[in-house]
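The data block below is model-v9.txt; it holds compact mmCIF, N, CA and C atoms.
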# COMPACT_ATOMS: atom_id res chain seq x y z
N MET G 112 -26.29 5.18 44.04
CA MET G 112 -26.62 3.93 43.42
C MET G 112 -25.37 3.42 42.69
N PRO G 113 -24.97 2.15 42.86
CA PRO G 113 -23.78 1.62 42.22
C PRO G 113 -23.96 1.54 40.70
N LYS G 114 -22.84 1.73 40.00
CA LYS G 114 -22.84 1.69 38.54
C LYS G 114 -23.01 0.25 38.07
N ARG G 115 -23.92 0.04 37.10
CA ARG G 115 -24.16 -1.29 36.58
C ARG G 115 -23.09 -1.67 35.58
N ARG G 116 -22.56 -2.86 35.66
CA ARG G 116 -21.53 -3.34 34.75
C ARG G 116 -22.19 -3.95 33.52
N GLN G 117 -21.67 -3.59 32.34
CA GLN G 117 -22.17 -4.19 31.12
C GLN G 117 -21.61 -5.60 31.02
N THR G 118 -22.43 -6.50 30.50
CA THR G 118 -21.97 -7.88 30.36
C THR G 118 -22.08 -8.32 28.92
N ARG G 119 -21.22 -9.25 28.56
CA ARG G 119 -21.27 -9.87 27.25
C ARG G 119 -22.22 -11.04 27.30
N ALA G 120 -22.42 -11.67 26.16
CA ALA G 120 -23.22 -12.88 26.12
C ALA G 120 -22.55 -13.93 27.01
N GLY G 121 -23.29 -14.61 27.78
CA GLY G 121 -22.74 -15.62 28.68
C GLY G 121 -22.44 -15.05 30.06
N GLY G 122 -22.75 -13.77 30.30
CA GLY G 122 -22.59 -13.20 31.62
C GLY G 122 -21.21 -12.67 31.95
N ARG G 123 -20.26 -12.73 30.99
CA ARG G 123 -18.91 -12.21 31.27
C ARG G 123 -18.93 -10.69 31.17
N SER G 124 -18.20 -10.04 32.06
CA SER G 124 -18.17 -8.57 32.03
C SER G 124 -17.18 -8.08 30.99
N ARG G 125 -17.42 -6.86 30.50
CA ARG G 125 -16.52 -6.24 29.53
C ARG G 125 -15.26 -5.78 30.24
N SER G 126 -14.16 -5.82 29.52
CA SER G 126 -12.91 -5.35 30.13
C SER G 126 -12.86 -3.84 30.05
N GLY G 127 -12.22 -3.23 31.01
CA GLY G 127 -11.96 -1.80 31.12
C GLY G 127 -12.77 -0.87 30.26
N GLY G 128 -12.14 -0.32 29.23
CA GLY G 128 -12.78 0.72 28.46
C GLY G 128 -13.42 0.25 27.18
N GLN G 129 -13.77 -1.02 27.07
CA GLN G 129 -14.39 -1.49 25.85
C GLN G 129 -15.78 -0.93 25.70
N ARG G 130 -16.13 -0.65 24.45
CA ARG G 130 -17.46 -0.15 24.13
C ARG G 130 -18.16 -1.16 23.24
N PRO G 131 -19.46 -1.14 23.22
CA PRO G 131 -20.17 -2.02 22.29
C PRO G 131 -19.81 -1.68 20.86
N ARG G 132 -19.82 -2.67 20.00
CA ARG G 132 -19.47 -2.44 18.60
C ARG G 132 -20.51 -1.56 17.93
N GLY G 133 -20.03 -0.72 16.99
CA GLY G 133 -20.94 0.08 16.19
C GLY G 133 -21.25 1.43 16.78
N THR G 134 -20.83 1.71 18.00
CA THR G 134 -21.08 3.02 18.58
C THR G 134 -19.78 3.60 19.08
N SER G 135 -19.67 4.91 19.00
CA SER G 135 -18.44 5.55 19.43
C SER G 135 -18.45 5.83 20.92
N THR G 136 -19.61 6.03 21.51
CA THR G 136 -19.67 6.36 22.94
C THR G 136 -20.30 5.25 23.76
N GLY G 137 -20.84 4.24 23.09
CA GLY G 137 -21.48 3.16 23.82
C GLY G 137 -22.92 3.45 24.14
N ARG G 138 -23.45 4.58 23.67
CA ARG G 138 -24.83 4.94 23.94
C ARG G 138 -25.66 4.71 22.69
N PRO G 139 -26.84 4.16 22.84
CA PRO G 139 -27.69 3.97 21.67
C PRO G 139 -28.04 5.31 21.04
N GLY G 140 -28.07 5.33 19.72
CA GLY G 140 -28.46 6.54 19.02
C GLY G 140 -27.32 7.50 18.73
N SER G 141 -26.13 7.25 19.30
CA SER G 141 -25.02 8.14 19.01
C SER G 141 -24.34 7.69 17.73
N PRO G 142 -23.74 8.61 16.98
CA PRO G 142 -23.11 8.21 15.71
C PRO G 142 -21.92 7.31 15.94
N GLY G 143 -21.76 6.30 15.10
CA GLY G 143 -20.64 5.38 15.23
C GLY G 143 -19.52 5.74 14.28
N GLY G 144 -18.46 4.99 14.33
CA GLY G 144 -17.34 5.21 13.43
C GLY G 144 -16.37 6.26 13.93
N ARG G 145 -15.27 6.38 13.23
CA ARG G 145 -14.25 7.35 13.61
C ARG G 145 -14.55 8.70 12.98
N PRO G 146 -14.32 9.77 13.71
CA PRO G 146 -14.46 11.08 13.08
C PRO G 146 -13.27 11.34 12.16
N VAL G 147 -13.49 12.14 11.11
CA VAL G 147 -12.41 12.49 10.20
C VAL G 147 -11.59 13.60 10.85
N PRO G 148 -10.26 13.38 11.05
CA PRO G 148 -9.45 14.41 11.69
C PRO G 148 -9.34 15.65 10.81
N ASP G 149 -9.14 16.80 11.47
CA ASP G 149 -8.97 18.04 10.73
C ASP G 149 -7.69 17.97 9.91
N GLY G 150 -7.71 18.59 8.75
CA GLY G 150 -6.53 18.62 7.91
C GLY G 150 -6.48 17.48 6.90
N ARG G 151 -7.34 16.51 7.04
CA ARG G 151 -7.39 15.40 6.07
C ARG G 151 -8.61 15.60 5.18
N PRO G 152 -8.52 15.11 3.94
CA PRO G 152 -9.69 15.24 3.07
C PRO G 152 -10.83 14.37 3.56
N SER G 153 -12.03 14.83 3.33
CA SER G 153 -13.19 14.04 3.73
C SER G 153 -13.26 12.79 2.85
N PRO G 154 -13.97 11.76 3.29
CA PRO G 154 -14.03 10.53 2.51
C PRO G 154 -14.59 10.72 1.11
N ALA G 155 -15.39 11.77 0.88
CA ALA G 155 -15.97 12.00 -0.43
C ALA G 155 -14.94 12.51 -1.43
N VAL G 156 -13.84 13.08 -0.96
CA VAL G 156 -12.81 13.60 -1.84
C VAL G 156 -11.92 12.45 -2.29
N ARG G 157 -11.76 12.29 -3.58
CA ARG G 157 -10.93 11.23 -4.13
C ARG G 157 -9.50 11.72 -4.30
N PRO G 158 -8.52 10.98 -3.76
CA PRO G 158 -7.14 11.39 -3.97
C PRO G 158 -6.75 11.11 -5.41
N GLY G 159 -5.79 11.85 -5.90
CA GLY G 159 -5.32 11.64 -7.25
C GLY G 159 -4.65 12.90 -7.77
N THR G 160 -4.13 12.79 -8.96
CA THR G 160 -3.44 13.89 -9.59
C THR G 160 -4.47 14.80 -10.25
N THR G 161 -4.44 16.08 -9.92
CA THR G 161 -5.38 17.01 -10.52
C THR G 161 -4.98 17.27 -11.96
N GLY G 162 -5.95 17.34 -12.85
CA GLY G 162 -5.69 17.60 -14.25
C GLY G 162 -5.06 16.43 -14.98
N ALA G 163 -5.19 15.22 -14.46
CA ALA G 163 -4.56 14.05 -15.08
C ALA G 163 -5.44 13.51 -16.21
N SER G 164 -4.81 12.76 -17.11
CA SER G 164 -5.54 12.14 -18.20
C SER G 164 -6.39 10.99 -17.67
N GLU G 165 -7.28 10.51 -18.52
CA GLU G 165 -8.14 9.39 -18.12
C GLU G 165 -7.32 8.13 -17.84
N THR G 166 -6.26 7.93 -18.63
CA THR G 166 -5.41 6.75 -18.41
C THR G 166 -4.76 6.81 -17.04
N ARG G 167 -4.23 7.97 -16.70
CA ARG G 167 -3.58 8.13 -15.40
C ARG G 167 -4.58 7.94 -14.26
N ARG G 168 -5.77 8.50 -14.41
CA ARG G 168 -6.80 8.33 -13.37
C ARG G 168 -7.17 6.86 -13.22
N ALA G 169 -7.27 6.15 -14.35
CA ALA G 169 -7.60 4.72 -14.29
C ALA G 169 -6.51 3.94 -13.59
N VAL G 170 -5.25 4.25 -13.89
CA VAL G 170 -4.14 3.55 -13.23
C VAL G 170 -4.13 3.87 -11.74
N GLU G 171 -4.38 5.13 -11.37
CA GLU G 171 -4.41 5.49 -9.95
C GLU G 171 -5.56 4.81 -9.23
N ARG G 172 -6.73 4.72 -9.88
CA ARG G 172 -7.86 4.01 -9.26
C ARG G 172 -7.55 2.53 -9.09
N PHE G 173 -6.97 1.93 -10.14
CA PHE G 173 -6.61 0.51 -10.08
C PHE G 173 -5.55 0.24 -9.01
N SER G 174 -4.65 1.20 -8.82
CA SER G 174 -3.52 1.02 -7.90
C SER G 174 -3.88 1.31 -6.45
N ALA G 175 -5.04 1.87 -6.20
CA ALA G 175 -5.38 2.28 -4.83
C ALA G 175 -5.39 1.10 -3.87
N ARG G 176 -6.08 0.03 -4.21
CA ARG G 176 -6.17 -1.12 -3.30
C ARG G 176 -4.82 -1.79 -3.07
N PRO G 177 -4.04 -2.09 -4.14
CA PRO G 177 -2.73 -2.68 -3.86
C PRO G 177 -1.82 -1.78 -3.03
N LEU G 178 -1.90 -0.47 -3.24
CA LEU G 178 -1.07 0.44 -2.45
C LEU G 178 -1.49 0.43 -0.98
N VAL G 179 -2.78 0.41 -0.73
CA VAL G 179 -3.25 0.34 0.66
C VAL G 179 -2.81 -0.97 1.29
N PHE G 180 -2.91 -2.06 0.54
CA PHE G 180 -2.45 -3.36 1.05
C PHE G 180 -0.97 -3.32 1.39
N LEU G 181 -0.14 -2.79 0.47
CA LEU G 181 1.30 -2.70 0.74
C LEU G 181 1.60 -1.79 1.91
N HIS G 182 0.81 -0.72 2.05
CA HIS G 182 1.03 0.22 3.14
C HIS G 182 0.70 -0.41 4.50
N GLN G 183 -0.26 -1.32 4.51
CA GLN G 183 -0.67 -1.95 5.77
C GLN G 183 0.29 -3.06 6.21
N LEU G 184 1.07 -3.58 5.28
CA LEU G 184 2.05 -4.62 5.64
C LEU G 184 3.19 -4.00 6.44
N PRO G 185 3.82 -4.77 7.31
CA PRO G 185 5.04 -4.26 7.95
C PRO G 185 6.11 -4.01 6.89
N ARG G 186 6.92 -3.01 7.10
CA ARG G 186 7.93 -2.63 6.11
C ARG G 186 8.88 -3.78 5.80
N TRP G 187 9.20 -4.58 6.79
CA TRP G 187 10.18 -5.64 6.58
C TRP G 187 9.64 -6.72 5.65
N VAL G 188 8.33 -6.90 5.56
CA VAL G 188 7.76 -7.92 4.67
C VAL G 188 8.03 -7.55 3.21
N VAL G 189 7.74 -6.30 2.85
CA VAL G 189 7.96 -5.85 1.48
C VAL G 189 9.46 -5.91 1.16
N LEU G 190 10.28 -5.50 2.11
CA LEU G 190 11.73 -5.53 1.92
C LEU G 190 12.22 -6.96 1.68
N LEU G 191 11.74 -7.91 2.49
CA LEU G 191 12.17 -9.30 2.33
C LEU G 191 11.70 -9.89 1.00
N VAL G 192 10.50 -9.55 0.57
CA VAL G 192 10.00 -10.08 -0.71
C VAL G 192 10.85 -9.55 -1.86
N VAL G 193 11.13 -8.24 -1.86
CA VAL G 193 11.94 -7.65 -2.94
C VAL G 193 13.36 -8.20 -2.90
N LEU G 194 13.95 -8.29 -1.71
CA LEU G 194 15.29 -8.86 -1.61
C LEU G 194 15.31 -10.32 -2.04
N GLY G 195 14.30 -11.07 -1.67
CA GLY G 195 14.22 -12.47 -2.10
C GLY G 195 14.12 -12.59 -3.61
N LEU G 196 13.33 -11.73 -4.24
CA LEU G 196 13.25 -11.76 -5.70
C LEU G 196 14.56 -11.36 -6.35
N LEU G 197 15.23 -10.35 -5.79
CA LEU G 197 16.53 -9.93 -6.33
C LEU G 197 17.58 -11.03 -6.19
N ILE G 198 17.67 -11.62 -5.02
CA ILE G 198 18.68 -12.66 -4.78
C ILE G 198 18.40 -13.88 -5.65
N SER G 199 17.14 -14.30 -5.70
CA SER G 199 16.82 -15.46 -6.54
C SER G 199 16.98 -15.12 -8.02
N GLY G 200 16.72 -13.89 -8.39
CA GLY G 200 16.91 -13.48 -9.78
C GLY G 200 18.35 -13.53 -10.22
N PHE G 201 19.27 -13.16 -9.32
CA PHE G 201 20.68 -13.22 -9.66
C PHE G 201 21.26 -14.62 -9.49
N ALA G 202 20.71 -15.41 -8.57
CA ALA G 202 21.27 -16.73 -8.27
C ALA G 202 20.83 -17.79 -9.28
N VAL G 203 19.62 -17.69 -9.79
CA VAL G 203 19.09 -18.70 -10.70
C VAL G 203 19.31 -18.22 -12.14
N PRO G 204 20.09 -18.96 -12.91
CA PRO G 204 20.33 -18.51 -14.29
C PRO G 204 19.14 -18.80 -15.20
N GLY G 205 19.08 -18.07 -16.29
CA GLY G 205 18.06 -18.32 -17.31
C GLY G 205 16.78 -17.55 -17.08
N TRP G 206 15.71 -18.10 -17.66
CA TRP G 206 14.43 -17.41 -17.66
C TRP G 206 13.80 -17.28 -16.27
N ILE G 207 14.02 -18.24 -15.42
CA ILE G 207 13.42 -18.18 -14.08
C ILE G 207 14.00 -16.99 -13.31
N GLY G 208 15.31 -16.84 -13.36
CA GLY G 208 15.93 -15.68 -12.72
C GLY G 208 15.50 -14.38 -13.36
N ALA G 209 15.36 -14.39 -14.69
CA ALA G 209 14.93 -13.19 -15.39
C ALA G 209 13.50 -12.79 -15.00
N ILE G 210 12.64 -13.78 -14.80
CA ILE G 210 11.26 -13.49 -14.39
C ILE G 210 11.23 -12.88 -12.99
N ALA G 211 12.07 -13.39 -12.08
CA ALA G 211 12.13 -12.82 -10.73
C ALA G 211 12.60 -11.36 -10.79
N LEU G 212 13.62 -11.09 -11.62
CA LEU G 212 14.10 -9.72 -11.77
C LEU G 212 13.08 -8.85 -12.49
N LEU G 213 12.34 -9.44 -13.42
CA LEU G 213 11.30 -8.69 -14.12
C LEU G 213 10.20 -8.24 -13.15
N LEU G 214 9.86 -9.10 -12.19
CA LEU G 214 8.86 -8.72 -11.18
C LEU G 214 9.34 -7.51 -10.37
N VAL G 215 10.61 -7.49 -10.02
CA VAL G 215 11.15 -6.33 -9.30
C VAL G 215 11.10 -5.10 -10.20
N GLY G 216 11.42 -5.27 -11.48
CA GLY G 216 11.37 -4.15 -12.43
C GLY G 216 9.96 -3.61 -12.62
N VAL G 217 8.98 -4.51 -12.66
CA VAL G 217 7.58 -4.08 -12.80
C VAL G 217 7.15 -3.29 -11.57
N LEU G 218 7.51 -3.77 -10.38
CA LEU G 218 7.20 -3.03 -9.15
C LEU G 218 7.86 -1.66 -9.16
N LEU G 219 9.11 -1.62 -9.56
CA LEU G 219 9.84 -0.35 -9.62
C LEU G 219 9.20 0.60 -10.64
N GLY G 220 8.83 0.09 -11.80
CA GLY G 220 8.19 0.92 -12.81
C GLY G 220 6.83 1.42 -12.39
N TRP G 221 6.05 0.57 -11.72
CA TRP G 221 4.72 0.95 -11.25
C TRP G 221 4.82 2.07 -10.22
N LEU G 222 5.72 1.92 -9.26
CA LEU G 222 5.89 2.96 -8.25
C LEU G 222 6.46 4.24 -8.86
N ALA G 223 7.34 4.11 -9.85
CA ALA G 223 7.88 5.29 -10.53
C ALA G 223 6.78 6.03 -11.28
N TYR G 224 5.90 5.30 -11.94
CA TYR G 224 4.79 5.93 -12.68
C TYR G 224 3.86 6.67 -11.73
N LEU G 225 3.55 6.05 -10.60
CA LEU G 225 2.63 6.69 -9.65
C LEU G 225 3.23 7.93 -9.00
N SER G 226 4.54 7.93 -8.78
CA SER G 226 5.17 9.07 -8.10
C SER G 226 5.65 10.14 -9.07
N TRP G 227 5.55 9.90 -10.37
CA TRP G 227 6.11 10.80 -11.39
C TRP G 227 5.65 12.25 -11.25
N PRO G 228 4.35 12.56 -11.07
CA PRO G 228 3.95 13.97 -11.01
C PRO G 228 4.45 14.71 -9.78
N SER G 229 4.77 14.00 -8.73
CA SER G 229 5.13 14.68 -7.48
C SER G 229 6.63 14.79 -7.25
N ILE G 230 7.45 14.38 -8.21
CA ILE G 230 8.90 14.45 -8.01
C ILE G 230 9.51 15.46 -8.97
N ASN G 231 10.72 15.92 -8.62
CA ASN G 231 11.41 16.90 -9.46
C ASN G 231 12.18 16.21 -10.58
N ALA G 232 12.89 17.00 -11.38
CA ALA G 232 13.58 16.48 -12.56
C ALA G 232 14.67 15.47 -12.20
N SER G 233 15.42 15.73 -11.14
CA SER G 233 16.49 14.79 -10.78
C SER G 233 15.93 13.45 -10.32
N GLY G 234 14.81 13.48 -9.61
CA GLY G 234 14.16 12.23 -9.21
C GLY G 234 13.65 11.45 -10.41
N ARG G 235 13.16 12.17 -11.41
CA ARG G 235 12.68 11.50 -12.62
C ARG G 235 13.84 10.85 -13.38
N VAL G 236 14.95 11.57 -13.46
CA VAL G 236 16.12 11.03 -14.15
C VAL G 236 16.60 9.75 -13.45
N LEU G 237 16.66 9.79 -12.13
CA LEU G 237 17.11 8.61 -11.38
C LEU G 237 16.17 7.42 -11.59
N ARG G 238 14.88 7.67 -11.66
CA ARG G 238 13.94 6.57 -11.88
C ARG G 238 14.08 5.99 -13.29
N VAL G 239 14.30 6.84 -14.27
CA VAL G 239 14.51 6.35 -15.63
C VAL G 239 15.79 5.52 -15.71
N ILE G 240 16.86 5.98 -15.05
CA ILE G 240 18.12 5.23 -15.04
C ILE G 240 17.93 3.88 -14.34
N ALA G 241 17.22 3.87 -13.23
CA ALA G 241 16.99 2.61 -12.50
C ALA G 241 16.19 1.63 -13.36
N LEU G 242 15.16 2.12 -14.06
CA LEU G 242 14.39 1.23 -14.92
C LEU G 242 15.21 0.72 -16.10
N ALA G 243 16.04 1.59 -16.67
CA ALA G 243 16.90 1.16 -17.78
C ALA G 243 17.88 0.09 -17.31
N CYS G 244 18.44 0.27 -16.13
CA CYS G 244 19.36 -0.74 -15.58
C CYS G 244 18.63 -2.06 -15.35
N MET G 245 17.40 -2.01 -14.86
CA MET G 245 16.64 -3.25 -14.64
C MET G 245 16.37 -3.96 -15.95
N VAL G 246 16.06 -3.22 -17.01
CA VAL G 246 15.82 -3.84 -18.32
C VAL G 246 17.09 -4.53 -18.81
N VAL G 247 18.23 -3.86 -18.68
CA VAL G 247 19.50 -4.45 -19.11
C VAL G 247 19.81 -5.70 -18.30
N ILE G 248 19.59 -5.66 -17.01
CA ILE G 248 19.87 -6.82 -16.14
C ILE G 248 18.94 -7.98 -16.47
N VAL G 249 17.66 -7.69 -16.72
CA VAL G 249 16.71 -8.76 -17.06
C VAL G 249 17.11 -9.43 -18.38
N VAL G 250 17.47 -8.63 -19.38
CA VAL G 250 17.89 -9.20 -20.67
C VAL G 250 19.18 -10.02 -20.49
N TRP G 251 20.11 -9.49 -19.73
CA TRP G 251 21.38 -10.23 -19.46
C TRP G 251 21.09 -11.56 -18.77
N GLN G 252 20.20 -11.54 -17.78
CA GLN G 252 19.90 -12.76 -17.03
C GLN G 252 19.17 -13.76 -17.90
N ALA G 253 18.30 -13.30 -18.79
CA ALA G 253 17.56 -14.22 -19.66
C ALA G 253 18.48 -14.91 -20.65
N ARG G 254 19.55 -14.25 -21.04
CA ARG G 254 20.49 -14.82 -22.03
C ARG G 254 21.57 -15.67 -21.38
N ARG G 255 21.66 -15.65 -20.07
CA ARG G 255 22.71 -16.38 -19.36
C ARG G 255 22.47 -17.86 -19.36
Rewrite the structure of this file - the entire thing - as C-alpha cells.
Amino acid sequence: MPKRRQTRAGGRSRSGGQRPRGTSTGRPGSPGGRPVPDGRPSPAVRPGTTGASETRRAVERFSARPLVFLHQLPRWVVLLVVLGLLISGFAVPGWIGAIALLLVGVLLGWLAYLSWPSINASGRVLRVIALACMVVIVVWQARR
C-alpha cells in the first residue's frame, strides 16, 4: 500500500522531513519538545553561584534574561555596538561622550561582577584595573 502524504491546510504537501508542530515524532500522543542532553543540568536546576549572598542571587536572576539575549545575538552585533559607543565617546566632547563611555563602563562592570567568582586573582586584578581606567576616562571626557 503506498504511503500517504501529509498535507497542510490548503492541500499543500509538507516538505521532506517536516513534522507537525508540538510533537517530536509526528505521532499523536508522543511527548513533544527537545530532550535534555546528557551532561547538562535539568531545567529544574537553577544556574548560579553556590553559597552566594541574596544580593548576588538577585543580580544573577535579574541578569539571566539580558545575558541570554546577548548570547543569542551574533557576536559582531555586540562588538559593533561597543565599538560604536567607544568611538562616539571619544569623538564627542563633553557629557554626551562621557555618557557613551559610561555605558561601556557599566557593561564592563556588570560582566566583571558576574564573572568574579569563576576567575582567578590575576583576572580579578585586570578587571579592577580596566574599571578604574574606564572611570578615569569617563571623568576626563566629562570635563573636556
Work out how far atom C of G:Trp221 is from atom C of G:Val236, in Å to one decimal.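 We find that atom C of G:Val236 and atom C of G:Trp221 lie 14.4 Å from each other.
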Judged by only C-alpha atoms, the minimum distance to G:Leu212 among G:Gly234, G:Ala175, G:Ile248, G:Thr161 is found for G:Ile248
Gap from atom CA of G:Leu196 to atom N of G:Ala253 - Å, one decimal: 14.1 Å
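Computed from the coordinates, the atom CA of G:Trp187 to atom CA of G:Val217 distance equals 19.6 Å.
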Could you pull the residues within 8 Å of G:Arg255, counting only N, CA and C atoms, minus those fewer than 2 positions along the same chain, as a list in words?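 My reading of the contact set: Val203, Pro204, Gly205, Trp206, Val249, Val250, Trp251, Gln252 and Ala253 of chain G.
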Would you list the contacts of G:Gly220 as number ranges by chain, taking every protein, DNA or RNA residue within 12 Å and counting only C-alpha atoms, but skipping same-chain residues closer than 5 positions in sequence? G: 213-215, 225-227, 235, 237-246
Write out as lines of an AutoDock Vina configuration file an axis-aligned box for stretch 192-208 of chain G: all of its atoms listed in the file, 8 Å added on each side, centre and edge lengths in Å with one decimal.
center_x = 15.6
center_y = -13.3
center_z = -8.5
size_x = 27.3
size_y = 27.3
size_z = 34.2
